[in-house]
Amino acid sequence: MRGGRGGRWAALVWPALLLLCLIPGVLPALIDPLGLGEVGTPERPLWQLTLTHLGLVVLASVVVLALGLPLAVAVTRPGRDALRQLSETLVGLGQTVPTFAVLALAVPALGFGWAPTLLGLIVYGLVPVVSNAVVGLQGVSPGALDAARGMGMSARQRLWRVELPLARPVILAGVRTSTVYNVGTATVGAALGAGGLGEPIINGLSQQNTALVLSGAVLAALLALSLDALMALSEPRP
Amino acid sequence: MIELHHLEKRFGDSFAVQDLNLTFPDGELTALLGPSGCGKTTTLRMINRLIEPSGGQVRLNGQDTRALKPEALRRGIGYVIQQVGLFPHLNVAQNVATVPDLLGRDRRATAARVDELLDLVGLDPDTFRHKRPGELSGGQAQRVGVARALAADPPVLLMDEPFGALDPLARDRLQDAFRDIQRRLRKTVVMVTHDIDEALRLGDRVALMNAGRLEQFGTPDDLIHRPVSDFVRQFLGEDAALRQLAGQPVSRFMAALDGASPLPPVAVEDTLNARSALAVLLREGTDRLTVTRGGQAVGTVGWADLRTSGPERP
Ligand SMILES: Nc1ncnc2c1ncn2[C@@H]1O[C@H](COP(=O)(O)OP(=O)(O)OP(=O)(O)O)[C@@H](O)[C@H]1O
Ligand SMILES: [Mg+2]
């Protein structure tokens, strides 16, 4: 048990690395010697870009959960098989549209900035959350559900006391996947002026400064790994 | 008292249950017996309205169950199923406390009640209270299932093949344990089973169903010795009387010692089942056996004692 716990906490190495890289001067000191260019001093400090990025991703995840979970609950009620299949198709369709297309289509409606980016992240983030929640809710043991009904739980009590707690690990895994993917997707938002870690990447590309691209990419990767590790910690161990 | 009046359930064009009239007497265990698909589960689930009847009535203590909210009705009726259906994310104590919690009972009183029930079903509270369902054997899980059904002290208990998923040894033990519990608590129990031995062993009465209809309702003796149809006779089988003996200890059949006549030389323990005692009579080629308890003679048993229309019911 002790050893297992130790293994779990080892996951904190990613957040630690991320924080280390955000100390001013550390990342340039690591990347500049590679001879790919100079990271230099961007107009906004890296920690600020990282925070903006994190804010976008977390906000998107919160909205995704707030939309996706009720949707999954609604379509998994008995007698709604057709609705469930329809929602799965629609949600799946959202993911087949290229990221750039979603963002480009959102700009005329929402203008430049963080709003279209957030919309894109939500559209993409919904897929794993809804499909995992549906799988989780459908996977609840029929025996437990029958017992719950037979003992006099109302539909609402069954949902809160039995279905959601039993589906929780699968739902959380969906949120985790969605969040981690969105760290990558959110870099595209810089093209729309949403800021975030896409900014050094785009600037680096236009200035042909690979070091700058690398600094954004390294931080985005570390952010993704950190979120993944932290959310894994929050999942209960079987 | 549970009464079924012209109860019926149609699925599409076919009847799962048809014109069923039956009264389950208070404080007795009625086994709902019959071949697979004859409508036992459907009947049981119409009693607590997990299935709504297509026609007829269920009355609980004279009241039409349709007058009650289904949830309120169900909280007053214990429910045990073959799959047990314990909640895997809750521990044993929390599982047992489900219905008292739904009813908003006092937490401390419930905790005491949980311990009392775990004791009743033969599980040590200190050992089992905090275990998760995943850590229990099938037999232990079903004991918890029974405790959970009894938690709010409902007068009525519905059981759908409660011991059906257990291996024969665990099933035997649990049947014994449940018989003792029922002898103490005297609930009105409806137990669905397709196991004839179980029905004869545990049932004060047996309701034998066939193709959605009631074939015969009576005591095990009635069904064995006075079957109303060929179906009943065939369903119980030629060895029904032996099956019934197998479920009873020989002590139930023995005659008291009269003190005058000498004790038969061959002895059996009083906990031996009556069928085995019969086998001993056959093997020894004798007419009477001494029945002993802990080596002490407590009675005798012979062919005629075993041939009576069956043991007196407790
Ligand atoms: N939801 C349903 N839809 C359609 N038919 C059903 C439904 N539930 C039960 N039936 C049918 O009703 C009949 C009685 O079913 P029921 O489950 O009551 O049988 P049972 O006596 O409990 O059988 P078993 O011993 O196999 O459990 C069966 O023919 C079954 O196919
Ligand atoms: Mg059945």
# chains A, B, ... in the order shown; residues from 1 in each chain; ligands from 1

$ interface_residues --of "chain B" --to "chain A" --cutoff "6 Å" --atoms "only C-alpha atoms" --output "JSON, numbers by chain"
{"B": [71, 74, 75, 83, 85, 86, 87]}

$ residues_near_ligand --ligand "ligand 2" --cutoff "8 Å" --atoms "only C-alpha atoms and all ligand atoms" --output "list of chain:residue names"
B:Ser36, B:Gly37, B:Gly39, B:Lys40, B:Thr41, B:Thr42, B:Asp160, B:Glu161, B:Val192, B:Thr193

$ atom_distance --atom1 "atom 21 (O, counted along the ligand's line) of ligand 1" --atom2 "CA of Ser229 in chain B"
19.3 Å

$ closest_residue --among "B:Glu3, B:Asp176, B:Asp13, B:Asp19" --to "ligand 1" --atoms "only C-alpha atoms and all ligand atoms"
B:Asp13

$ select_by_dssp --residues "range 15-190 of chain A" --states "helix (DSSP H, G or I)" --output "JSON, numbers by chain"
{"A": [15, 16, 17, 18, 19, 20, 21, 22, 26, 27, 28, 29, 30, 31, 32, 33, 34, 46, 47, 48, 49, 50, 51, 52, 53, 54, 55, 56, 57, 58, 59, 60, 61, 62, 63, 64, 65, 66, 67, 68, 69, 70, 71, 72, 73, 74, 75, 81, 82, 83, 84, 85, 86, 87, 88, 89, 90, 91, 92, 93, 94, 95, 96, 99, 100, 101, 102, 103, 104, 105, 106, 107, 108, 109, 110, 114, 115, 116, 117, 118, 119, 120, 121, 122, 123, 124, 125, 126, 127, 128, 129, 130, 131, 132, 133, 134, 135, 136, 137, 138, 142, 143, 144, 145, 146, 147, 148, 149, 150, 155, 156, 157, 158, 159, 160, 161, 162, 163, 164, 165, 166, 167, 168, 169, 170, 171, 172, 173, 174, 175, 176, 177, 178, 179, 180, 181, 182, 183, 184, 185, 186, 187, 188, 189, 190]}

$ decode --residues "range 6-19 of chain A" --atoms "all heavy atoms" --output "PDB file, in the first residue's frame"
ATOM      1  N   GLY A   6       3.408   5.853  -2.909  1.00  0.00           N
ATOM      2  CA  GLY A   6       4.611   6.542  -3.349  1.00  0.00           C
ATOM      3  C   GLY A   6       4.603   6.694  -4.861  1.00  0.00           C
ATOM      4  O   GLY A   6       4.864   7.776  -5.389  1.00  0.00           O
ATOM      5  N   GLY A   7       4.218   5.595  -5.546  1.00  0.00           N
ATOM      6  CA  GLY A   7       4.142   5.607  -6.999  1.00  0.00           C
ATOM      7  C   GLY A   7       3.178   6.657  -7.495  1.00  0.00           C
ATOM      8  O   GLY A   7       3.432   7.340  -8.485  1.00  0.00           O
ATOM      9  N   ARG A   8       2.073   6.808  -6.753  1.00  0.00           N
ATOM     10  CA  ARG A   8       1.080   7.807  -7.162  1.00  0.00           C
ATOM     11  C   ARG A   8       1.654   9.210  -7.070  1.00  0.00           C
ATOM     12  O   ARG A   8       1.518  10.008  -7.970  1.00  0.00           O
ATOM     13  CB  ARG A   8      -0.146   7.730  -6.247  1.00  0.00           C
ATOM     14  CG  ARG A   8      -1.062   6.583  -6.542  1.00  0.00           C
ATOM     15  CD  ARG A   8      -2.316   6.731  -5.739  1.00  0.00           C
ATOM     16  NE  ARG A   8      -3.381   7.291  -6.560  1.00  0.00           N
ATOM     17  CZ  ARG A   8      -4.519   7.749  -6.049  1.00  0.00           C
ATOM     18  NH1 ARG A   8      -4.706   7.745  -4.769  1.00  0.00           N
ATOM     19  NH2 ARG A   8      -5.459   8.213  -6.833  1.00  0.00           N
ATOM     20  N   TRP A   9       2.279   9.482  -5.928  1.00  0.00           N
ATOM     21  CA  TRP A   9       2.767  10.852  -5.729  1.00  0.00           C
ATOM     22  C   TRP A   9       3.913  11.187  -6.663  1.00  0.00           C
ATOM     23  O   TRP A   9       4.192  12.365  -6.910  1.00  0.00           O
ATOM     24  CB  TRP A   9       3.154  11.068  -4.266  1.00  0.00           C
ATOM     25  CG  TRP A   9       1.948  10.981  -3.390  1.00  0.00           C
ATOM     26  CD1 TRP A   9       1.654  10.000  -2.494  1.00  0.00           C
ATOM     27  CD2 TRP A   9       0.847  11.899  -3.348  1.00  0.00           C
ATOM     28  NE1 TRP A   9       0.443  10.237  -1.912  1.00  0.00           N
ATOM     29  CE2 TRP A   9      -0.081  11.392  -2.408  1.00  0.00           C
ATOM     30  CE3 TRP A   9       0.554  13.080  -4.018  1.00  0.00           C
ATOM     31  CZ2 TRP A   9      -1.285  12.036  -2.121  1.00  0.00           C
ATOM     32  CZ3 TRP A   9      -0.643  13.721  -3.730  1.00  0.00           C
ATOM     33  CH2 TRP A   9      -1.549  13.197  -2.795  1.00  0.00           C
ATOM     34  N   ALA A  10       4.563  10.155  -7.217  1.00  0.00           N
ATOM     35  CA  ALA A  10       5.631  10.406  -8.181  1.00  0.00           C
ATOM     36  C   ALA A  10       5.092  11.186  -9.372  1.00  0.00           C
ATOM     37  O   ALA A  10       5.839  11.887 -10.067  1.00  0.00           O
ATOM     38  CB  ALA A  10       6.235   9.084  -8.653  1.00  0.00           C
ATOM     39  N   ALA A  11       3.781  11.123  -9.603  1.00  0.00           N
ATOM     40  CA  ALA A  11       3.176  11.852 -10.709  1.00  0.00           C
ATOM     41  C   ALA A  11       3.362  13.359 -10.553  1.00  0.00           C
ATOM     42  O   ALA A  11       3.284  14.104 -11.526  1.00  0.00           O
ATOM     43  CB  ALA A  11       1.688  11.514 -10.795  1.00  0.00           C
ATOM     44  N   LEU A  12       3.659  13.802  -9.329  1.00  0.00           N
ATOM     45  CA  LEU A  12       3.816  15.247  -9.091  1.00  0.00           C
ATOM     46  C   LEU A  12       5.078  15.804  -9.730  1.00  0.00           C
ATOM     47  O   LEU A  12       5.304  17.009  -9.723  1.00  0.00           O
ATOM     48  CB  LEU A  12       3.818  15.531  -7.588  1.00  0.00           C
ATOM     49  CG  LEU A  12       2.454  15.380  -6.927  1.00  0.00           C
ATOM     50  CD1 LEU A  12       2.553  15.641  -5.439  1.00  0.00           C
ATOM     51  CD2 LEU A  12       1.452  16.342  -7.564  1.00  0.00           C
ATOM     52  N   VAL A  13       5.887  14.913 -10.312  1.00  0.00           N
ATOM     53  CA  VAL A  13       7.108  15.381 -10.961  1.00  0.00           C
ATOM     54  C   VAL A  13       6.791  16.331 -12.119  1.00  0.00           C
ATOM     55  O   VAL A  13       7.510  17.297 -12.361  1.00  0.00           O
ATOM     56  CB  VAL A  13       7.968  14.171 -11.439  1.00  0.00           C
ATOM     57  CG1 VAL A  13       7.335  13.469 -12.604  1.00  0.00           C
ATOM     58  CG2 VAL A  13       9.373  14.632 -11.810  1.00  0.00           C
ATOM     59  N   TRP A  14       5.663  16.134 -12.799  1.00  0.00           N
ATOM     60  CA  TRP A  14       5.331  16.992 -13.951  1.00  0.00           C
ATOM     61  C   TRP A  14       4.960  18.407 -13.523  1.00  0.00           C
ATOM     62  O   TRP A  14       5.532  19.364 -14.042  1.00  0.00           O
ATOM     63  CB  TRP A  14       4.213  16.365 -14.798  1.00  0.00           C
ATOM     64  CG  TRP A  14       4.619  15.052 -15.383  1.00  0.00           C
ATOM     65  CD1 TRP A  14       4.040  13.848 -15.166  1.00  0.00           C
ATOM     66  CD2 TRP A  14       5.713  14.813 -16.276  1.00  0.00           C
ATOM     67  NE1 TRP A  14       4.702  12.852 -15.850  1.00  0.00           N
ATOM     68  CE2 TRP A  14       5.731  13.422 -16.544  1.00  0.00           C
ATOM     69  CE3 TRP A  14       6.697  15.625 -16.849  1.00  0.00           C
ATOM     70  CZ2 TRP A  14       6.684  12.834 -17.375  1.00  0.00           C
ATOM     71  CZ3 TRP A  14       7.638  15.037 -17.691  1.00  0.00           C
ATOM     72  CH2 TRP A  14       7.630  13.661 -17.943  1.00  0.00           C
ATOM     73  N   PRO A  15       4.046  18.555 -12.573  1.00  0.00           N
ATOM     74  CA  PRO A  15       3.779  19.924 -12.115  1.00  0.00           C
ATOM     75  C   PRO A  15       5.045  20.604 -11.598  1.00  0.00           C
ATOM     76  O   PRO A  15       5.245  21.803 -11.832  1.00  0.00           O
ATOM     77  CB  PRO A  15       2.767  19.728 -10.979  1.00  0.00           C
ATOM     78  CG  PRO A  15       2.139  18.407 -11.242  1.00  0.00           C
ATOM     79  CD  PRO A  15       3.131  17.580 -11.977  1.00  0.00           C
ATOM     80  N   ALA A  16       5.915  19.835 -10.929  1.00  0.00           N
ATOM     81  CA  ALA A  16       7.138  20.425 -10.391  1.00  0.00           C
ATOM     82  C   ALA A  16       8.021  20.942 -11.525  1.00  0.00           C
ATOM     83  O   ALA A  16       8.546  22.061 -11.469  1.00  0.00           O
ATOM     84  CB  ALA A  16       7.889  19.385  -9.558  1.00  0.00           C
ATOM     85  N   LEU A  17       8.163  20.122 -12.577  1.00  0.00           N
ATOM     86  CA  LEU A  17       8.969  20.532 -13.736  1.00  0.00           C
ATOM     87  C   LEU A  17       8.389  21.782 -14.384  1.00  0.00           C
ATOM     88  O   LEU A  17       9.110  22.689 -14.783  1.00  0.00           O
ATOM     89  CB  LEU A  17       9.021  19.401 -14.768  1.00  0.00           C
ATOM     90  CG  LEU A  17      10.172  18.412 -14.633  1.00  0.00           C
ATOM     91  CD1 LEU A  17      10.085  17.337 -15.702  1.00  0.00           C
ATOM     92  CD2 LEU A  17      11.506  19.168 -14.755  1.00  0.00           C
ATOM     93  N   LEU A  18       7.040  21.797 -14.494  1.00  0.00           N
ATOM     94  CA  LEU A  18       6.375  22.938 -15.115  1.00  0.00           C
ATOM     95  C   LEU A  18       6.688  24.220 -14.342  1.00  0.00           C
ATOM     96  O   LEU A  18       7.076  25.239 -14.926  1.00  0.00           O
ATOM     97  CB  LEU A  18       4.859  22.700 -15.156  1.00  0.00           C
ATOM     98  CG  LEU A  18       4.028  23.845 -15.735  1.00  0.00           C
ATOM     99  CD1 LEU A  18       4.346  24.073 -17.200  1.00  0.00           C
ATOM    100  CD2 LEU A  18       2.536  23.585 -15.560  1.00  0.00           C
ATOM    101  N   LEU A  19       6.540  24.145 -13.011  1.00  0.00           N
ATOM    102  CA  LEU A  19       6.795  25.323 -12.184  1.00  0.00           C
ATOM    103  C   LEU A  19       8.247  25.778 -12.326  1.00  0.00           C
ATOM    104  O   LEU A  19       8.530  26.969 -12.433  1.00  0.00           O
ATOM    105  CB  LEU A  19       6.471  25.023 -10.712  1.00  0.00           C
ATOM    106  CG  LEU A  19       4.978  24.876 -10.416  1.00  0.00           C
ATOM    107  CD1 LEU A  19       4.747  24.507  -8.959  1.00  0.00           C
ATOM    108  CD2 LEU A  19       4.246  26.178 -10.759  1.00  0.00           C
TER     109      LEU A  19
END
